[in-house]
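*Asks:* Pasting in a structure now, in structure tokens, and then I'll have a few things to ask.
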There are 2 protein chains.
Amino acid sequence: MTITDSPAAALSISDVAADTGLTTSTLRYYEQAGLLRGQIDRASSSHRRYTDDDVRWVVFITKLRSTGMPIRDIRRYTELAREGDHTTPARLALLVSHRERVQAQLADMQRSLETIDFKIATYERFTTR
Amino acid sequence: MTITDSPAAALSISDVAADTGLTTSTLRYYEQAGLLRGQIDRASSSHRRYTDDDVRWVVFITKLRSTGMPIRDIRRYTELAREGDHTTPARLALLVSHRERVQAQLADMQRSLETIDFKIATYERFTTR
DNA sequence: ATTTGACTTCGAGTGCACTCGAAGTCGTAC
DNA sequence: GTACGACTTCGAGTGCACTCGAAGTCAAAT
């Protein structure tokens with residue numbers, strides 16, 4: 001059940017894993033680590049059923065993860081989101097400071113990559129001689 | 001002894017730590033993990049004395065680290081370097097494939113950052129309203 | 001009725017990269 | 001000569017983010 005138009009898709013954990021590129025273990029881990037904005041619905045009184053909103057949330061936190069935000073910061077962000085609209089400024093501040101760290105890290109990585117490129121160029125001159 | 005013109009600077013481990021931004025513990029760890037192309041000279045029959053070449057090597061491997069190369073790959077690269085000039089093609093291949101991974105990761109991070117930027121813009125519209 | 005497969009919880013284990021603490025040595029300063 | 005500070009080795013510990021295995025449940029298929 002991956003392709004659907006219905007508003008409440010109600011995907012299984014393996015569907016969500018397939019959609020997000022996470023493993024089912026990681027999805028359970030994120031949930032119990034408090035990264036998933038509230039309880040996930042259950043079907044058959046035990047199997048998780050993810051709504052489209054749940055999946056969108058998971059996708060967003062994978063963006064935070066892939067830019068290096070630690071689990072505890074994502075938990076903090078999630079807690080703020082759970083508290084309601086009045087935490088919008090705090091969430092904004094959190095994201096903005098994260099963005100600054102990411103930009104700095106990207107710049108650093110790019111500088112390092114230039115050094116590596118230079119080394120590669122040296123090796124290429126050496127081997128094609 | 002940080003500023004010197006002599007060809008053999010012979011820096012202490014804390015000098016190198018200050019110069020590279022690594023800790024002395026990390027420098028010892030890197031050495032015993034086989035990332036340091038040969039033995040480091042010793043003074044006083046026990047204290048490490050780093051040559052300028054040693055420091056340049058350390059600086060380069062910090063570039064590999066900051067672009068996410070695992071310790072074991074750096075060790076492999078170092079082993080190749082120790083074996084001599086005939087391993088130049090292998091070292092080149094290793095760096096080129098690392099560069100590809102880094103470029104892919106940078107692109108991924110930039111895409112994630114765009115999503116975060118978009119979220120920030122949404123929050124800003126919400127809060128300045 | 002039993003088998004299958006996808007799920008469930010829980011706690012323990014893994015891999016990585018450091019990081020620390022204890023106990024000892026050595027050369028210079030007082 | 002002793003106190004100090006910077007180093008030494010060694011093994012153990014830390015923090016992070018998963019990842020796995022065991023034992024059990026449940027609904028649909030044969």
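Residue numbers start at 1 in each chain; chains themselves are named A, B, ... in the order of the structure tokens; ligands are numbered from 1 in the order shown.
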Mind running chain D against chain A at 9 Å and telling me each contacting residue's nearest atom pair with the distance in Å (one decimal), counting only C-alpha atoms (C1' of nucleotides), chain and number ascending, as CSV?

*Replies:*
```
residue,atom,partner,partner_atom,distance
D:DC16,C1',A:Pro70,CA,8.6
D:DA17,C1',A:Ile71,CA,8.2
D:DC18,C1',A:Thr26,CA,6.8
D:DT19,C1',A:Ser25,CA,7.1
D:DT25,C1',A:Ser46,CA,8.6
D:DC26,C1',A:Ser44,CA,7.5
D:DA27,C1',A:Ser44,CA,8.4
```

*Asks:* Any chance you could tabulate, as a Markdown table, the residues of chain C at most 10 Å from chain A with each one's nearest atom pair and distance in Å to one decimal, using only C-alpha atoms (C1' of nucleotides), in chain and rising number order?

*Replies:*
```
| residue | atom | partner | partner_atom | distance |
| --- | --- | --- | --- | --- |
| C:DA6 | C1' | A:Ser14 | CA | 9.0 |
| C:DC7 | C1' | A:His47 | CA | 6.0 |
| C:DT8 | C1' | A:Ser46 | CA | 6.5 |
```

*Asks:* So which bits of stretch 33-68 of chain A end up strand (DSSP E or B) when you DSSP the backbone, as a PyMOL selection string?

*Replies:* chain A and resi 41-43+47-50

*Asks:* Could you write those residues out with C-alpha atoms, as a CSV table (one decimal), in the first residue's frame?

*Replies:*
```
chain,number,residue,atom,x,y,z
A,41,ASP,CA,-2.1,4.9,15.4
A,42,ARG,CA,-2.4,1.2,15.8
A,43,ALA,CA,-4.3,-1.4,13.8
A,47,HIS,CA,0.5,-2.9,14.2
A,48,ARG,CA,1.5,0.7,13.6
A,49,ARG,CA,-0.4,2.7,11.0
A,50,TYR,CA,1.3,5.9,9.8
```

*Asks:* To test your reading of the structure, identify every residue in stretch 1-124 of chain B that backbone DSSP assigns to alpha helix (DSSP H), and report it as a PyMOL selection string.

*Replies:* chain B and resi 13-20+24-32+52-66+71-83+88-124

*Asks:* Only residues of chain B matter here; which ones have an atom within 12 Å of chain A, counting only C-alpha atoms? Give them as an mmCIF file with C-alpha atoms, in the first residue's frame.

*Replies:*
```cif
data_model
loop_
_atom_site.group_PDB
_atom_site.id
_atom_site.type_symbol
_atom_site.label_atom_id
_atom_site.label_comp_id
_atom_site.auth_asym_id
_atom_site.auth_seq_id
_atom_site.Cartn_x
_atom_site.Cartn_y
_atom_site.Cartn_z
ATOM 1 C CA ARG B 56 51.576 18.256 6.903
ATOM 2 C CA TRP B 57 50.495 14.626 6.859
ATOM 3 C CA VAL B 59 46.758 18.177 8.394
ATOM 4 C CA PHE B 60 45.932 16.231 5.269
ATOM 5 C CA ILE B 61 44.312 13.375 7.134
ATOM 6 C CA THR B 62 42.179 15.889 9.039
ATOM 7 C CA LYS B 63 40.875 16.914 5.601
ATOM 8 C CA LEU B 64 40.020 13.304 4.907
ATOM 9 C CA ARG B 65 38.357 13.013 8.321
ATOM 10 C CA SER B 66 36.367 16.225 7.983
ATOM 11 C CA THR B 67 34.995 14.929 4.700
ATOM 12 C CA GLY B 68 33.919 11.756 6.454
ATOM 13 C CA MET B 69 36.550 9.228 5.448
ATOM 14 C CA ALA B 81 51.770 5.671 0.862
ATOM 15 C CA ASP B 85 55.548 5.377 -5.497
ATOM 16 C CA HIS B 86 54.197 2.278 -7.238
ATOM 17 C CA THR B 87 50.987 2.586 -5.217
ATOM 18 C CA THR B 88 50.225 6.027 -6.638
ATOM 19 C CA PRO B 89 47.443 4.704 -8.918
ATOM 20 C CA ALA B 90 45.792 2.912 -5.997
ATOM 21 C CA ARG B 91 45.978 6.030 -3.841
ATOM 22 C CA LEU B 92 44.574 8.101 -6.695
ATOM 23 C CA ALA B 93 41.680 5.667 -7.104
ATOM 24 C CA LEU B 94 40.989 5.763 -3.382
ATOM 25 C CA LEU B 95 40.888 9.557 -3.324
ATOM 26 C CA VAL B 96 38.775 9.788 -6.467
ATOM 27 C CA SER B 97 36.159 7.410 -5.116
ATOM 28 C CA HIS B 98 36.186 9.287 -1.833
ATOM 29 C CA ARG B 99 35.667 12.536 -3.731
ATOM 30 C CA GLU B 100 32.614 11.069 -5.415
ATOM 31 C CA ARG B 101 31.124 10.043 -2.106
ATOM 32 C CA VAL B 102 31.813 13.473 -0.655
ATOM 33 C CA GLN B 103 30.269 15.252 -3.640
ATOM 34 C CA GLN B 105 26.972 13.772 0.365
ATOM 35 C CA LEU B 106 27.410 17.499 -0.150
ATOM 36 C CA ALA B 107 24.639 17.501 -2.738
ATOM 37 C CA ASP B 108 22.398 15.559 -0.378
ATOM 38 C CA MET B 109 23.111 17.921 2.492
ATOM 39 C CA GLN B 110 22.412 20.905 0.275
ATOM 40 C CA ARG B 111 19.069 19.458 -0.760
ATOM 41 C CA SER B 112 18.210 18.830 2.884
ATOM 42 C CA LEU B 113 19.288 22.350 3.736
ATOM 43 C CA GLU B 114 16.916 23.707 1.102
ATOM 44 C CA THR B 115 14.045 21.893 2.773
ATOM 45 C CA ILE B 116 15.088 23.362 6.118
ATOM 46 C CA ASP B 117 15.362 26.817 4.552
ATOM 47 C CA PHE B 118 11.858 26.410 3.240
ATOM 48 C CA LYS B 119 10.621 25.487 6.705
ATOM 49 C CA ILE B 120 12.409 28.489 8.175
ATOM 50 C CA ALA B 121 10.753 30.743 5.611
ATOM 51 C CA THR B 122 7.384 29.286 6.575
ATOM 52 C CA TYR B 123 8.027 29.989 10.249
ATOM 53 C CA GLU B 124 9.189 33.505 9.450
ATOM 54 C CA ARG B 125 6.000 34.253 7.541
ATOM 55 C CA PHE B 126 4.086 32.903 10.512
ATOM 56 C CA THR B 127 5.894 34.877 13.200
ATOM 57 C CA THR B 128 6.208 38.277 11.439
#
```
